[in-house]
$ cat target_38.cif   # mmCIF, C-alpha atoms
data_target
#
loop_
_atom_site.label_atom_id
_atom_site.label_comp_id
_atom_site.auth_asym_id
_atom_site.auth_seq_id
_atom_site.Cartn_x
_atom_site.Cartn_y
_atom_site.Cartn_z
CA MET A 58 -24.06 -57.56 103.77
CA ILE A 59 -21.58 -60.13 102.60
CA THR A 60 -20.87 -60.48 98.93
CA LYS A 61 -18.66 -63.28 97.76
CA SER A 62 -17.10 -63.84 94.39
CA SER A 63 -14.00 -65.42 93.01
CA VAL A 64 -11.71 -65.56 89.99
CA GLN A 65 -9.87 -68.67 88.84
CA ILE A 66 -6.18 -68.26 88.03
CA ASN A 67 -5.10 -70.58 85.23
CA LYS A 68 -3.11 -68.39 82.87
CA GLU A 69 -1.16 -65.17 83.04
CA TRP A 70 -4.00 -62.99 81.79
CA ASP A 71 -6.25 -64.18 84.61
CA ILE A 72 -4.11 -62.03 86.88
CA VAL A 73 -5.45 -58.98 85.05
CA GLY A 74 -9.01 -60.22 85.47
CA ALA A 75 -8.48 -60.87 89.17
CA ARG A 76 -7.12 -57.44 89.95
CA GLN A 77 -9.71 -55.68 87.83
CA MET A 78 -12.42 -57.43 89.82
CA GLY A 79 -10.68 -56.44 93.06
CA ARG A 80 -10.42 -52.84 91.94
CA GLU A 81 -14.12 -52.72 91.04
CA LEU A 82 -15.13 -54.15 94.42
CA ALA A 83 -12.78 -51.76 96.20
CA LYS A 84 -14.28 -48.82 94.31
CA ASP A 85 -17.81 -49.91 95.23
CA LEU A 86 -16.84 -50.19 98.89
CA GLY A 87 -15.60 -46.61 98.87
CA PHE A 88 -11.83 -47.04 98.91
CA GLY A 89 -9.79 -44.07 97.68
CA THR A 90 -7.59 -44.25 94.60
CA VAL A 91 -4.43 -44.94 96.59
CA ASP A 92 -6.04 -47.84 98.46
CA GLN A 93 -7.54 -49.12 95.20
CA ALA A 94 -4.03 -49.18 93.73
CA ARG A 95 -2.74 -50.92 96.87
CA ILE A 96 -5.45 -53.58 96.69
CA ALA A 97 -4.95 -54.09 92.95
CA THR A 98 -1.20 -54.43 93.45
CA ALA A 99 -1.62 -56.88 96.33
CA ILE A 100 -4.01 -59.01 94.25
CA SER A 101 -1.55 -58.85 91.38
CA GLU A 102 1.22 -60.18 93.63
CA LEU A 103 -0.93 -62.95 95.10
CA ALA A 104 -2.30 -64.00 91.72
CA ARG A 105 1.15 -63.98 90.20
CA ASN A 106 2.45 -66.18 93.00
CA ILE A 107 -0.32 -68.65 92.24
CA TYR A 108 0.47 -68.55 88.52
CA LEU A 109 4.23 -68.86 89.05
CA TYR A 110 4.41 -71.51 91.77
CA ALA A 111 1.13 -73.42 91.84
CA GLU A 112 -0.04 -72.86 88.21
CA LYS A 113 -3.67 -73.09 89.31
CA GLY A 114 -5.66 -71.55 92.09
CA LYS A 115 -8.21 -68.93 92.84
CA ILE A 116 -8.67 -65.50 94.32
CA ALA A 117 -11.84 -65.06 96.37
CA TYR A 118 -13.32 -61.76 97.52
CA GLU A 119 -15.55 -61.03 100.48
CA THR A 120 -16.79 -57.83 101.95
CA VAL A 121 -16.41 -57.91 105.72
CA GLU A 122 -18.01 -55.74 108.37
CA ASP A 123 -16.76 -55.11 111.84
CA MET A 124 -18.33 -53.03 114.63
CA ASN A 125 -17.71 -49.74 112.93
CA LYS A 126 -15.78 -50.44 109.78
CA LYS A 127 -16.07 -52.12 106.43
CA GLY A 128 -13.38 -53.91 104.54
CA LEU A 129 -12.45 -56.12 101.63
CA LYS A 130 -11.16 -59.59 102.37
CA ILE A 131 -9.09 -61.31 99.72
CA ILE A 132 -8.33 -65.00 99.93
CA ALA A 133 -5.78 -66.51 97.59
CA SER A 134 -5.75 -70.28 97.66
CA ASP A 135 -4.05 -73.00 95.67
CA GLN A 136 -3.19 -76.68 95.82
CA GLY A 137 0.38 -76.09 94.78
CA PRO A 138 3.71 -77.16 96.27
CA GLY A 139 3.26 -75.06 99.41
CA ILE A 140 5.87 -72.95 101.19
CA ASN A 141 8.72 -74.73 102.97
CA ASP A 142 9.99 -71.96 105.18
CA LEU A 143 7.33 -69.40 106.03
CA SER A 144 9.64 -67.04 107.90
CA LYS A 145 12.01 -67.00 104.95
CA VAL A 146 9.43 -65.92 102.36
CA MET A 147 8.38 -63.06 104.62
CA GLU A 148 11.91 -61.67 104.47
CA ASP A 149 12.54 -58.87 102.02
CA GLY A 150 14.69 -59.93 99.11
CA PHE A 151 14.13 -63.67 99.36
CA SER A 152 13.01 -65.22 96.09
CA THR A 153 13.15 -68.70 94.61
CA SER A 154 12.28 -67.49 91.11
CA GLY A 155 14.89 -64.79 90.55
CA GLY A 156 12.40 -62.00 91.22
CA LEU A 157 12.76 -59.07 93.57
CA GLY A 158 11.55 -61.02 96.57
CA ALA A 159 9.28 -58.20 97.65
CA GLY A 160 6.00 -59.95 96.89
CA LEU A 161 4.68 -61.41 100.14
CA PRO A 162 6.29 -58.94 102.57
CA GLY A 163 5.06 -56.23 100.18
CA VAL A 164 1.50 -57.54 100.29
CA LYS A 165 1.69 -57.56 104.09
CA ARG A 166 2.65 -53.89 104.06
CA LEU A 167 0.03 -52.99 101.45
CA MET A 168 -2.82 -54.56 103.42
CA ASP A 169 -4.06 -54.20 107.02
CA TYR A 170 -4.37 -57.89 107.90
CA PHE A 171 -2.26 -60.71 106.56
CA ASP A 172 -2.29 -64.41 107.30
CA VAL A 173 -0.66 -67.28 105.51
CA VAL A 174 -1.34 -70.96 106.01
CA SER A 175 0.75 -73.40 104.01
CA GLU A 176 1.47 -77.07 104.05
CA PRO A 177 4.29 -78.35 101.85
CA GLY A 178 2.86 -80.56 99.12
CA LYS A 179 -0.72 -79.60 99.91
CA GLY A 180 -1.06 -75.93 99.03
CA THR A 181 -1.18 -72.42 100.36
CA THR A 182 -3.96 -70.11 101.51
CA ILE A 183 -3.29 -66.45 102.07
CA THR A 184 -5.94 -64.26 103.68
CA THR A 185 -5.69 -60.49 103.67
CA ILE A 186 -8.03 -57.66 104.62
CA LYS A 187 -7.99 -53.96 103.84
CA TRP A 188 -10.26 -51.72 105.90
CA VAL A 189 -11.94 -48.64 104.49
CA ARG A 190 -10.57 -45.61 106.26
CA MET B 164 -35.05 -96.49 55.61
CA PRO B 165 -33.03 -93.23 55.72
CA GLU B 166 -34.23 -92.42 52.19
CA THR B 167 -37.88 -92.95 53.09
CA LEU B 168 -37.48 -90.75 56.11
CA ARG B 169 -35.71 -88.13 54.05
CA ARG B 170 -38.56 -88.16 51.56
CA ILE B 171 -41.16 -87.85 54.29
CA VAL B 172 -39.33 -84.93 55.84
CA ILE B 173 -38.76 -83.13 52.55
CA GLU B 174 -42.34 -83.64 51.45
CA ASN B 175 -43.60 -82.23 54.72
CA SER B 176 -41.06 -79.47 54.94
CA ASP B 177 -43.85 -76.89 55.12
CA VAL B 178 -45.28 -78.33 58.31
CA ILE B 179 -41.89 -78.83 59.91
CA SER B 180 -40.81 -75.32 58.94
CA LYS B 181 -43.95 -73.92 60.47
CA ASN B 182 -43.46 -75.84 63.72
CA TRP B 183 -39.84 -74.79 63.82
CA LEU B 184 -40.61 -71.13 63.23
CA ASP B 185 -43.27 -71.18 65.96
CA ASP B 186 -40.85 -72.79 68.39
CA ILE B 187 -38.02 -70.42 67.58
CA THR B 188 -40.23 -67.36 67.88
CA GLU B 189 -41.52 -68.61 71.20
CA LYS B 190 -37.95 -69.04 72.45
CA ARG B 191 -36.91 -65.63 71.33
CA LYS B 192 -38.74 -63.90 74.13
CA SER B 193 -36.16 -64.96 76.66
CA ASP B 194 -32.93 -64.36 74.92
CA TYR B 195 -30.14 -62.58 73.18
CA THR B 196 -31.62 -61.39 69.92
CA SER B 197 -33.78 -58.66 71.43
CA THR B 198 -31.77 -55.94 69.71
CA ILE B 199 -32.46 -57.40 66.27
CA SER B 200 -35.45 -56.02 64.39
CA ASP B 201 -38.45 -58.33 63.95
CA SER B 202 -38.40 -58.32 60.17
CA LEU B 203 -34.70 -59.17 59.97
CA TYR B 204 -35.22 -61.90 62.55
CA HIS B 205 -38.03 -63.45 60.53
CA THR B 206 -36.24 -63.35 57.19
CA THR B 207 -33.14 -64.85 58.78
CA ASN B 208 -35.22 -67.61 60.37
CA GLN B 209 -36.82 -68.31 57.00
CA GLU B 210 -33.44 -68.45 55.35
CA PHE B 211 -32.01 -70.63 58.08
CA ILE B 212 -34.74 -73.27 57.72
CA ASN B 213 -34.38 -73.21 53.92
CA VAL B 214 -30.66 -73.74 54.23
CA ILE B 215 -31.22 -76.65 56.62
CA PHE B 216 -33.64 -78.31 54.23
CA SER B 217 -31.52 -77.82 51.17
CA SER B 218 -28.58 -79.28 53.08
CA ILE B 219 -30.62 -82.36 53.98
CA ASN B 220 -31.95 -82.55 50.45
CA ARG B 221 -28.56 -82.47 48.83
CA GLN B 222 -27.02 -84.75 51.41
CA GLY B 223 -24.19 -82.71 52.71
CA ASP B 224 -23.42 -80.26 49.93
CA THR B 225 -22.82 -77.17 51.99
CA GLY B 226 -22.00 -74.23 49.76
CA GLU B 227 -25.19 -72.44 50.74
CA MET B 228 -24.49 -73.15 54.40
CA ASP B 229 -21.09 -71.47 54.09
CA ASP B 230 -22.59 -68.30 52.67
CA PHE B 231 -25.29 -68.22 55.29
CA ALA B 232 -22.85 -68.72 58.17
CA GLU B 233 -20.51 -66.11 56.82
CA ARG B 234 -23.30 -63.57 56.65
CA LEU B 235 -24.38 -64.33 60.21
CA ILE B 236 -20.81 -63.98 61.45
CA ASN B 237 -20.44 -60.66 59.69
CA LEU B 238 -23.66 -59.42 61.22
CA GLY B 239 -22.41 -60.57 64.62
CA TRP B 240 -25.23 -62.99 65.40
CA PRO B 241 -24.50 -65.19 68.39
CA LEU B 242 -23.46 -68.79 67.89
CA SER B 243 -26.23 -69.84 70.27
CA TYR B 244 -28.77 -68.76 67.65
CA ILE B 245 -27.46 -71.46 65.34
CA THR B 246 -27.09 -74.20 67.93
CA ASP B 247 -30.50 -73.44 69.43
CA GLY B 248 -32.02 -73.38 65.96
CA LEU B 249 -30.58 -76.74 64.99
CA GLN B 250 -31.51 -78.36 68.28
CA THR B 251 -35.05 -77.13 67.87
CA PHE B 252 -35.03 -78.43 64.33
CA ARG B 253 -33.96 -81.86 65.52
CA ARG B 254 -36.68 -81.98 68.13
CA VAL B 255 -39.40 -80.74 65.79
CA THR B 256 -38.40 -83.18 63.06
CA ILE B 257 -38.33 -86.17 65.39
CA ASP B 258 -41.69 -85.16 66.86
CA PHE B 259 -43.12 -84.92 63.37
CA ILE B 260 -41.79 -88.28 62.23
CA LEU B 261 -43.06 -89.96 65.38
CA SER B 262 -46.49 -88.42 64.95
CA GLN B 263 -46.60 -89.82 61.43
CA SER B 264 -45.82 -93.39 62.38
CA GLU B 265 -48.55 -95.43 63.97
CA GLN B 266 -46.54 -97.40 66.41
CA VAL B 267 -42.92 -97.14 67.31
CA ASP B 268 -40.88 -99.66 69.22
CA THR B 269 -37.63 -98.70 70.89
CA GLU B 270 -35.49 -100.05 68.06
CA GLU B 271 -37.31 -98.03 65.48
CA PHE B 272 -37.21 -95.01 67.72
CA SER B 273 -33.46 -95.15 68.18
CA ARG B 274 -33.03 -95.61 64.41
CA ILE B 275 -35.07 -92.50 63.70
CA LEU B 276 -33.05 -90.62 66.31
CA SER B 277 -29.75 -91.61 64.76
CA ILE B 278 -30.89 -90.77 61.22
CA VAL B 279 -32.03 -87.28 62.17
CA GLU B 280 -28.87 -86.91 64.21
CA ASN B 281 -26.87 -87.72 61.07
CA TRP B 282 -28.57 -84.90 59.20
CA VAL B 283 -28.16 -82.29 61.88
CA GLU B 284 -24.72 -83.14 63.19
CA PRO B 285 -22.64 -82.23 60.12
CA ILE B 286 -24.47 -78.91 59.91
CA ILE B 287 -23.75 -78.10 63.56
CA ASN B 288 -20.12 -79.16 63.21
CA GLN B 289 -19.59 -77.09 60.12
CA LEU B 290 -21.20 -73.96 61.51
CA VAL B 291 -19.44 -74.19 64.85
CA ASN B 292 -16.12 -74.71 63.08
CA GLN B 293 -16.75 -71.72 60.89
CA TYR B 294 -17.65 -69.57 63.88
CA SER B 295 -14.68 -70.62 65.99
CA GLY B 296 -12.42 -70.30 62.95
CA SER B 297 -13.48 -66.72 62.50
CA TRP B 298 -12.97 -66.02 66.20
CA GLU B 299 -9.52 -67.55 66.20
CA HIS B 300 -8.70 -65.43 63.19
CA THR B 301 -9.92 -62.29 64.95
CA VAL B 302 -8.03 -63.14 68.13
CA SER B 303 -4.79 -63.75 66.27
CA LEU B 304 -5.18 -60.47 64.36
CA GLN B 305 -5.80 -58.62 67.61
CA ARG B 306 -2.82 -60.26 69.23
CA MET B 307 -0.67 -59.07 66.34
CA ALA B 308 -2.11 -55.58 66.59
CA LEU B 309 -1.42 -55.56 70.34
CA GLN B 310 2.11 -56.71 69.78
CA GLU B 311 2.70 -53.87 67.36
CA LEU B 312 1.40 -51.44 69.97
CA SER B 313 3.17 -53.02 72.88
CA ALA B 314 6.55 -51.31 73.02
CA PRO B 315 6.92 -48.37 70.65
CA LEU B 316 10.05 -46.30 70.72
CA ILE B 317 9.87 -42.67 69.63
CA PRO B 318 13.03 -40.72 68.82
CA VAL B 319 11.94 -37.23 69.92
CA MET B 320 15.15 -35.44 69.08
CA ASP B 321 18.82 -36.24 68.66
CA ASN B 322 19.98 -38.51 71.47
CA ILE B 323 16.64 -38.46 73.30
CA THR B 324 14.13 -41.29 72.90
CA VAL B 325 10.78 -41.92 74.59
CA MET B 326 9.06 -45.25 75.22
CA PRO B 327 5.45 -44.74 76.30
CA LEU B 328 3.95 -47.81 77.96
CA ILE B 329 0.18 -48.19 78.10
CA GLY B 330 -1.74 -51.08 79.62
CA THR B 331 -0.84 -54.25 81.41
CA ILE B 332 2.69 -55.59 81.21
CA ASP B 333 2.97 -59.37 81.09
CA THR B 334 6.07 -61.51 80.70
CA GLU B 335 5.92 -61.55 76.91
CA ARG B 336 5.52 -57.81 76.69
CA ALA B 337 8.32 -57.25 79.20
CA LYS B 338 10.65 -59.18 76.89
CA LEU B 339 9.57 -57.06 73.92
CA ILE B 340 10.12 -53.87 75.92
CA MET B 341 13.66 -54.89 76.75
CA GLU B 342 14.49 -55.90 73.17
CA ASN B 343 12.97 -52.82 71.54
CA LEU B 344 14.58 -50.55 74.10
CA LEU B 345 18.10 -51.83 73.54
CA GLU B 346 17.70 -52.10 69.78
CA GLY B 347 16.29 -48.56 69.61
CA VAL B 348 19.02 -47.09 71.78
CA MET B 349 21.64 -48.50 69.43
CA LYS B 350 19.76 -47.55 66.28
CA HIS B 351 18.95 -43.96 67.24
CA ASN B 352 22.22 -43.52 69.07
CA SER B 353 20.32 -42.30 72.14
CA GLU B 354 21.99 -40.96 75.23
CA VAL B 355 18.81 -40.70 77.25
CA VAL B 356 15.75 -42.95 77.16
CA LEU B 357 12.53 -41.93 78.91
CA ILE B 358 10.22 -44.79 79.92
CA ASP B 359 6.75 -43.37 80.50
CA ILE B 360 4.51 -45.53 82.72
CA THR B 361 1.57 -43.09 82.99
CA GLY B 362 -0.66 -45.65 81.26
CA VAL B 363 0.39 -48.69 83.28
CA PRO B 364 -2.47 -49.41 85.71
CA VAL B 365 -0.59 -51.52 88.27
CA VAL B 366 3.10 -51.62 89.07
CA ASP B 367 3.75 -54.80 91.04
CA THR B 368 7.06 -56.44 91.82
CA MET B 369 7.19 -58.21 88.47
CA VAL B 370 6.65 -55.04 86.45
CA ALA B 371 9.14 -53.16 88.64
CA HIS B 372 11.64 -55.98 88.26
CA HIS B 373 11.40 -55.83 84.47
CA ILE B 374 11.75 -52.05 84.45
CA ILE B 375 14.81 -52.25 86.71
CA GLN B 376 16.37 -54.88 84.46
CA ALA B 377 15.65 -52.81 81.34
CA ALA B 378 17.15 -49.70 82.94
CA GLU B 379 20.21 -51.66 84.01
CA ALA B 380 20.66 -53.04 80.49
CA VAL B 381 20.33 -49.53 79.04
CA ARG B 382 23.00 -48.33 81.48
CA LEU B 383 25.30 -51.14 80.34
CA ILE B 384 25.25 -49.94 76.75
CA GLY B 385 26.13 -46.45 77.88
CA ALA B 386 22.81 -44.61 77.93
CA THR B 387 20.74 -43.22 80.79
CA CYS B 388 17.24 -44.36 81.56
CA ILE B 389 14.71 -42.05 83.21
CA LEU B 390 11.45 -43.47 84.55
CA VAL B 391 8.64 -40.94 84.17
CA GLY B 392 4.89 -40.82 84.70
CA ILE B 393 4.87 -42.18 88.25
CA ARG B 394 1.46 -41.30 89.66
CA PRO B 395 1.17 -40.59 93.41
CA GLU B 396 -0.71 -43.82 94.16
CA ILE B 397 1.86 -45.83 92.21
CA ALA B 398 4.65 -44.12 94.13
CA GLN B 399 2.98 -45.16 97.40
CA THR B 400 2.51 -48.77 96.38
CA ILE B 401 6.13 -48.95 95.20
CA VAL B 402 7.26 -47.70 98.62
CA ASN B 403 4.94 -50.17 100.40
CA LEU B 404 6.28 -53.02 98.33
CA GLY B 405 9.77 -51.95 99.29
CA ILE B 406 11.06 -51.74 95.73
CA ASP B 407 14.33 -49.88 95.30
CA LEU B 408 14.22 -47.63 92.25
CA SER B 409 17.08 -45.40 93.34
CA LYS B 410 19.54 -46.70 90.74
CA PHE B 411 18.12 -44.44 88.04
CA PRO B 412 16.38 -41.05 88.00
CA THR B 413 12.59 -40.98 88.24
CA LYS B 414 10.20 -38.12 87.53
CA SER B 415 6.48 -37.55 87.97
CA SER B 416 5.80 -36.41 84.42
CA LEU B 417 7.17 -36.78 80.91
CA LYS B 418 7.68 -33.01 80.80
CA LYS B 419 9.96 -32.99 83.83
CA GLY B 420 11.79 -36.03 82.57
CA PHE B 421 12.32 -34.39 79.22
CA ASN B 422 13.82 -31.30 80.87
CA THR B 423 16.22 -33.54 82.78
CA ALA B 424 17.09 -35.32 79.54
CA LEU B 425 17.88 -31.96 77.92
CA LYS B 426 20.13 -31.03 80.82
CA LEU B 427 21.91 -34.39 80.58
CA THR B 428 22.60 -33.76 76.89
CA ASN B 429 23.64 -30.13 77.53
CA ARG B 430 20.73 -28.46 75.81
CA GLU B 431 17.83 -26.23 76.72
CA ILE B 432 14.65 -24.96 75.19
CA VAL B 433 14.74 -21.31 74.16
CA ASP B 434 11.46 -19.49 73.68
CA LEU B 435 11.80 -17.58 70.41
CA GLY B 436 8.54 -15.67 70.76
CA ASN B 437 9.56 -13.67 73.83
CA SER B 438 13.00 -12.75 72.56
CA LYS B 439 11.50 -11.38 69.33
CA GLU B 440 9.11 -9.23 71.32
CA GLU B 441 12.02 -7.98 73.36
CA ASP B 442 13.88 -7.16 70.17
CA ILE B 443 10.91 -5.22 68.85
CA THR B 444 10.54 -3.25 72.08
CA LYS B 445 14.25 -2.49 71.92
CA ILE B 446 13.86 -1.22 68.33
CA ILE B 447 10.84 0.85 69.30
CA ASP B 448 12.72 2.20 72.29
CA SER B 449 15.68 3.15 70.13
CA ILE B 450 13.42 5.02 67.66
CA LYS B 451 12.01 7.05 70.51
#
$ encode --input "target_38.cif" --output "structure tokens"
Amino acid sequence: MITKSSVQINKEWDIVGARQMGRELAKDLGFGTVDQARIATAISELARNIYLYAEKGKIAYETVEDMNKKGLKIIASDQGPGINDLSKVMEDGFSTSGGLGAGLPGVKRLMDYFDVVSEPGKGTTITTIKWVR
Amino acid sequence: MPETLRRIVIENSDVISKNWLDDITEKRKSDYTSTISDSLYHTTNQEFINVIFSSINRQGDTGEMDDFAERLINLGWPLSYITDGLQTFRRVTIDFILSQSEQVDTEEFSRILSIVENWVEPIINQLVNQYSGSWEHTVSLQRMALQELSAPLIPVMDNITVMPLIGTIDTERAKLIMENLLEGVMKHNSEVVLIDITGVPVVDTMVAHHIIQAAEAVRLIGATCILVGIRPEIAQTIVNLGIDLSKFPTKSSLKKGFNTALKLTNREIVDLGNSKEEDITKIIDSIK
């Protein structure tokens, strides 16, 4: 069973729509309240990054199944400016926008799998998975 | 030519109305108006077609149209009812005119099309404008209402103020929170401000950042900020995100935060009921 859906991020309120959708899907998959909050927060971070840096992009959701576990895969993609120094943005406290700089490293800690592919000038795609425990 | 066509259409309004009503009723099966009672649906259809004809008849005088649209908006009918209705009307009318003429070359055909188009288009424009106008009005009213709700500050007692936050915090709201907080602290001369985030569904780095900044600003003007209403799952996500909230006190509930606030202002709550009972037992004891 693979369900796919996605939410476009064009304005600030789309972030709310994206994380509500993620929360619903997480609830349906059987995540507990703490993991639902983690997923919603991670989506919020990813969507906000899109809104802040790339202005436009989308958050896609997929349910994934492994041998003996189920999970929710979240793919945030944009055609924005891309990330110049990937190791730098994964450091705690690094921010180009005056924020806390906890966004991407935070998402990595909130989720079970985290992968970022970025090409300066072309865009960024971040893939994360949370498994149901 | 337009006048002749107009006359033909007006004279045969009965037939066109009938065709239109049949078409519309046929369409209804597959759509949105299923919750509307049959009789209301039929009277509204009747009224709609009358309004269309009188608009064509009077060549663009639209007072009746205004009233009709306003009533539909108030009843909450979907806009698609109107656009569907007018599109059907256009098709039915063109069909009728074509069936009346013996032979039609392409030039004639396109002329008929553009004439009917000229009748229907102003009606569609006007109705759509009226609908979207009323939506914009509603949206702006709701935005104002939301803004009034967005960052209330409640002076609970001398020197202690509470700001309950409910719902999503976006950049605009974060600004309002900061402004209201500082203004309120000055106005009520507060020593302690409790920010209650029980109703905030997600605390991400942006929300945390704004709360930290607000707390820091409150500290600068000489008051203390206590963050209350941190639910267990929020606490865990804050830890995962690696956000440092250690610069100001935090509590799980408003009640605990309020007790801390009382301690900070050198006060405590005394239960009068118990002490009275004790007094009475003392009196009774002394009588014995």
$ resolve_selection --input "target_38.cif" --expression "the PyMOL selection byres ((chain A and resi 103-106) around 8)" --output "compact mmCIF listing (two decimals) with C-alpha atoms, in the frame of the given file"
# COMPACT_ATOMS: atom_id res chain seq x y z
CA ILE A 66 -6.18 -68.26 88.03
CA GLU A 69 -1.16 -65.17 83.04
CA ILE A 72 -4.11 -62.03 86.88
CA ALA A 75 -8.48 -60.87 89.17
CA ALA A 99 -1.62 -56.88 96.33
CA ILE A 100 -4.01 -59.01 94.25
CA SER A 101 -1.55 -58.85 91.38
CA GLU A 102 1.22 -60.18 93.63
CA ILE A 107 -0.32 -68.65 92.24
CA TYR A 108 0.47 -68.55 88.52
CA LEU A 109 4.23 -68.86 89.05
CA TYR A 110 4.41 -71.51 91.77
CA ALA A 111 1.13 -73.42 91.84
CA LYS A 115 -8.21 -68.93 92.84
CA ILE A 116 -8.67 -65.50 94.32
CA ALA A 133 -5.78 -66.51 97.59
CA GLY A 160 6.00 -59.95 96.89
CA LEU A 161 4.68 -61.41 100.14
CA VAL A 164 1.50 -57.54 100.29
$ atom_distance --input "target_38.cif" --atom1 "CA of Ile219 (chain B)" --atom2 "CA of Gly296 (chain B)"
23.6 Å
$ interface_residues --input "target_38.cif" --of "chain B" --to "chain A" --cutoff "8 Å" --atoms "only C-alpha atoms" --output "number ranges by chain"
B: 331, 333, 365-369, 372, 395-397, 399-400, 403-406
$ atom_distance --input "target_38.cif" --atom1 "CA of Ile329 (chain B)" --atom2 "CA of Asp359 (chain B)"
8.5 Å
$ resolve_selection --input "target_38.cif" --expression "the PyMOL selection byres ((chain B and resi 382) around 12)" --output "NGL selection string"
:B and (344-345 or 348 or 353-356 or 375-381 or 383-389 or 410-412)
$ atom_distance --input "target_38.cif" --atom1 "CA of Gln136 (chain A)" --atom2 "CA of Lys179 (chain A)"
5.6 Å
$ resolve_selection --input "target_38.cif" --expression "the PyMOL selection byres ((chain B and resi 275) around 9)" --output "list in words"
Pro165, Leu168, Ile257, Ile260, Leu261, Glu270, Glu271, Phe272, Ser273, Arg274, Leu276, Ser277, Ile278, Val279 and Glu280 of chain B
$ closest_residue --input "target_38.cif" --among "A:Thr120, A:Ser62, A:Asn67, A:Ser134" --to "Trp188 (chain A)" --atoms "all atoms listed in the file"
A:Thr120
$ residues_around --input "target_38.cif" --residues "Ile131 (chain A)" --least-positions-apart "2" --cutoff "9 Å" --atoms "only C-alpha atoms" --output "list in words"
Gly79, Ile100, Ile116, Ala117, Tyr118, Glu119, Thr120, Leu129, Ala133, Ile183, Thr184, Thr185, Ile186 and Lys187 of chain A
$ residues_around --input "target_38.cif" --residues "Ile332 (chain B)" --least-positions-apart "5" --cutoff "8 Å" --atoms "only C-alpha atoms" --output "ChimeraX atom specification"
/B:337,363,370
$ closest_residue --input "target_38.cif" --among "A:Val146, A:Ile132, A:Val64, A:Leu86" --to "Lys113 (chain A)" --atoms "all atoms listed in the file"
A:Val64
$ residues_around --input "target_38.cif" --residues "Asn352 (chain B)" --least-positions-apart "4" --cutoff "10 Å" --atoms "all atoms listed in the file" --output "PyMOL selection string"
chain B and resi 318+321-324+346-348+386
$ residues_around --input "target_38.cif" --residues "Ile393 (chain B)" --least-positions-apart "5" --cutoff "9 Å" --atoms "all atoms listed in the file" --output "PDB file with C-alpha atoms, in the coordinates of the input"
ATOM      1  CA  ASP B 359       6.750 -43.370  80.500  1.00  0.00           C
ATOM      2  CA  ILE B 360       4.510 -45.530  82.720  1.00  0.00           C
ATOM      3  CA  THR B 361       1.570 -43.090  82.990  1.00  0.00           C
ATOM      4  CA  ALA B 398       4.650 -44.120  94.130  1.00  0.00           C
ATOM      5  CA  THR B 413      12.590 -40.980  88.240  1.00  0.00           C
ATOM      6  CA  LYS B 414      10.200 -38.120  87.530  1.00  0.00           C
ATOM      7  CA  SER B 415       6.480 -37.550  87.970  1.00  0.00           C
ATOM      8  CA  SER B 416       5.800 -36.410  84.420  1.00  0.00           C
TER       9      SER B 416
END
$ build_atoms --input "target_38.cif" --residues "region 161-172 of chain A" --atoms "N, CA and C atoms" --output "mmCIF file, in the coordinates of the input"
data_model
loop_
_atom_site.group_PDB
_atom_site.id
_atom_site.type_symbol
_atom_site.label_atom_id
_atom_site.label_comp_id
_atom_site.auth_asym_id
_atom_site.auth_seq_id
_atom_site.Cartn_x
_atom_site.Cartn_y
_atom_site.Cartn_z
ATOM 1 N N LEU A 161 5.483 -61.166 98.947
ATOM 2 C CA LEU A 161 4.680 -61.410 100.140
ATOM 3 C C LEU A 161 4.886 -60.365 101.242
ATOM 4 N N PRO A 162 6.143 -60.020 101.587
ATOM 5 C CA PRO A 162 6.290 -58.940 102.570
ATOM 6 C C PRO A 162 5.642 -57.644 102.074
ATOM 7 N N GLY A 163 5.699 -57.412 100.756
ATOM 8 C CA GLY A 163 5.060 -56.230 100.180
ATOM 9 C C GLY A 163 3.564 -56.252 100.385
ATOM 10 N N VAL A 164 2.949 -57.417 100.112
ATOM 11 C CA VAL A 164 1.500 -57.540 100.290
ATOM 12 C C VAL A 164 1.132 -57.266 101.740
ATOM 13 N N LYS A 165 1.947 -57.768 102.665
ATOM 14 C CA LYS A 165 1.690 -57.560 104.090
ATOM 15 C C LYS A 165 1.684 -56.065 104.411
ATOM 16 N N ARG A 166 2.597 -55.332 103.795
ATOM 17 C CA ARG A 166 2.650 -53.890 104.060
ATOM 18 C C ARG A 166 1.530 -53.140 103.355
ATOM 19 N N LEU A 167 1.084 -53.673 102.200
ATOM 20 C CA LEU A 167 0.030 -52.990 101.450
ATOM 21 C C LEU A 167 -1.334 -53.137 102.144
ATOM 22 N N MET A 168 -1.518 -54.260 102.833
ATOM 23 C CA MET A 168 -2.820 -54.560 103.420
ATOM 24 C C MET A 168 -2.793 -54.354 104.937
ATOM 25 N N ASP A 169 -3.991 -54.421 105.572
ATOM 26 C CA ASP A 169 -4.060 -54.200 107.020
ATOM 27 C C ASP A 169 -3.959 -55.501 107.809
ATOM 28 N N TYR A 170 -4.441 -56.596 107.217
ATOM 29 C CA TYR A 170 -4.370 -57.890 107.900
ATOM 30 C C TYR A 170 -3.781 -58.889 106.929
ATOM 31 N N PHE A 171 -2.925 -59.759 107.438
ATOM 32 C CA PHE A 171 -2.260 -60.710 106.560
ATOM 33 C C PHE A 171 -2.049 -62.017 107.287
ATOM 34 N N ASP A 172 -2.494 -63.112 106.670
ATOM 35 C CA ASP A 172 -2.290 -64.410 107.300
ATOM 36 C C ASP A 172 -1.993 -65.445 106.229
#
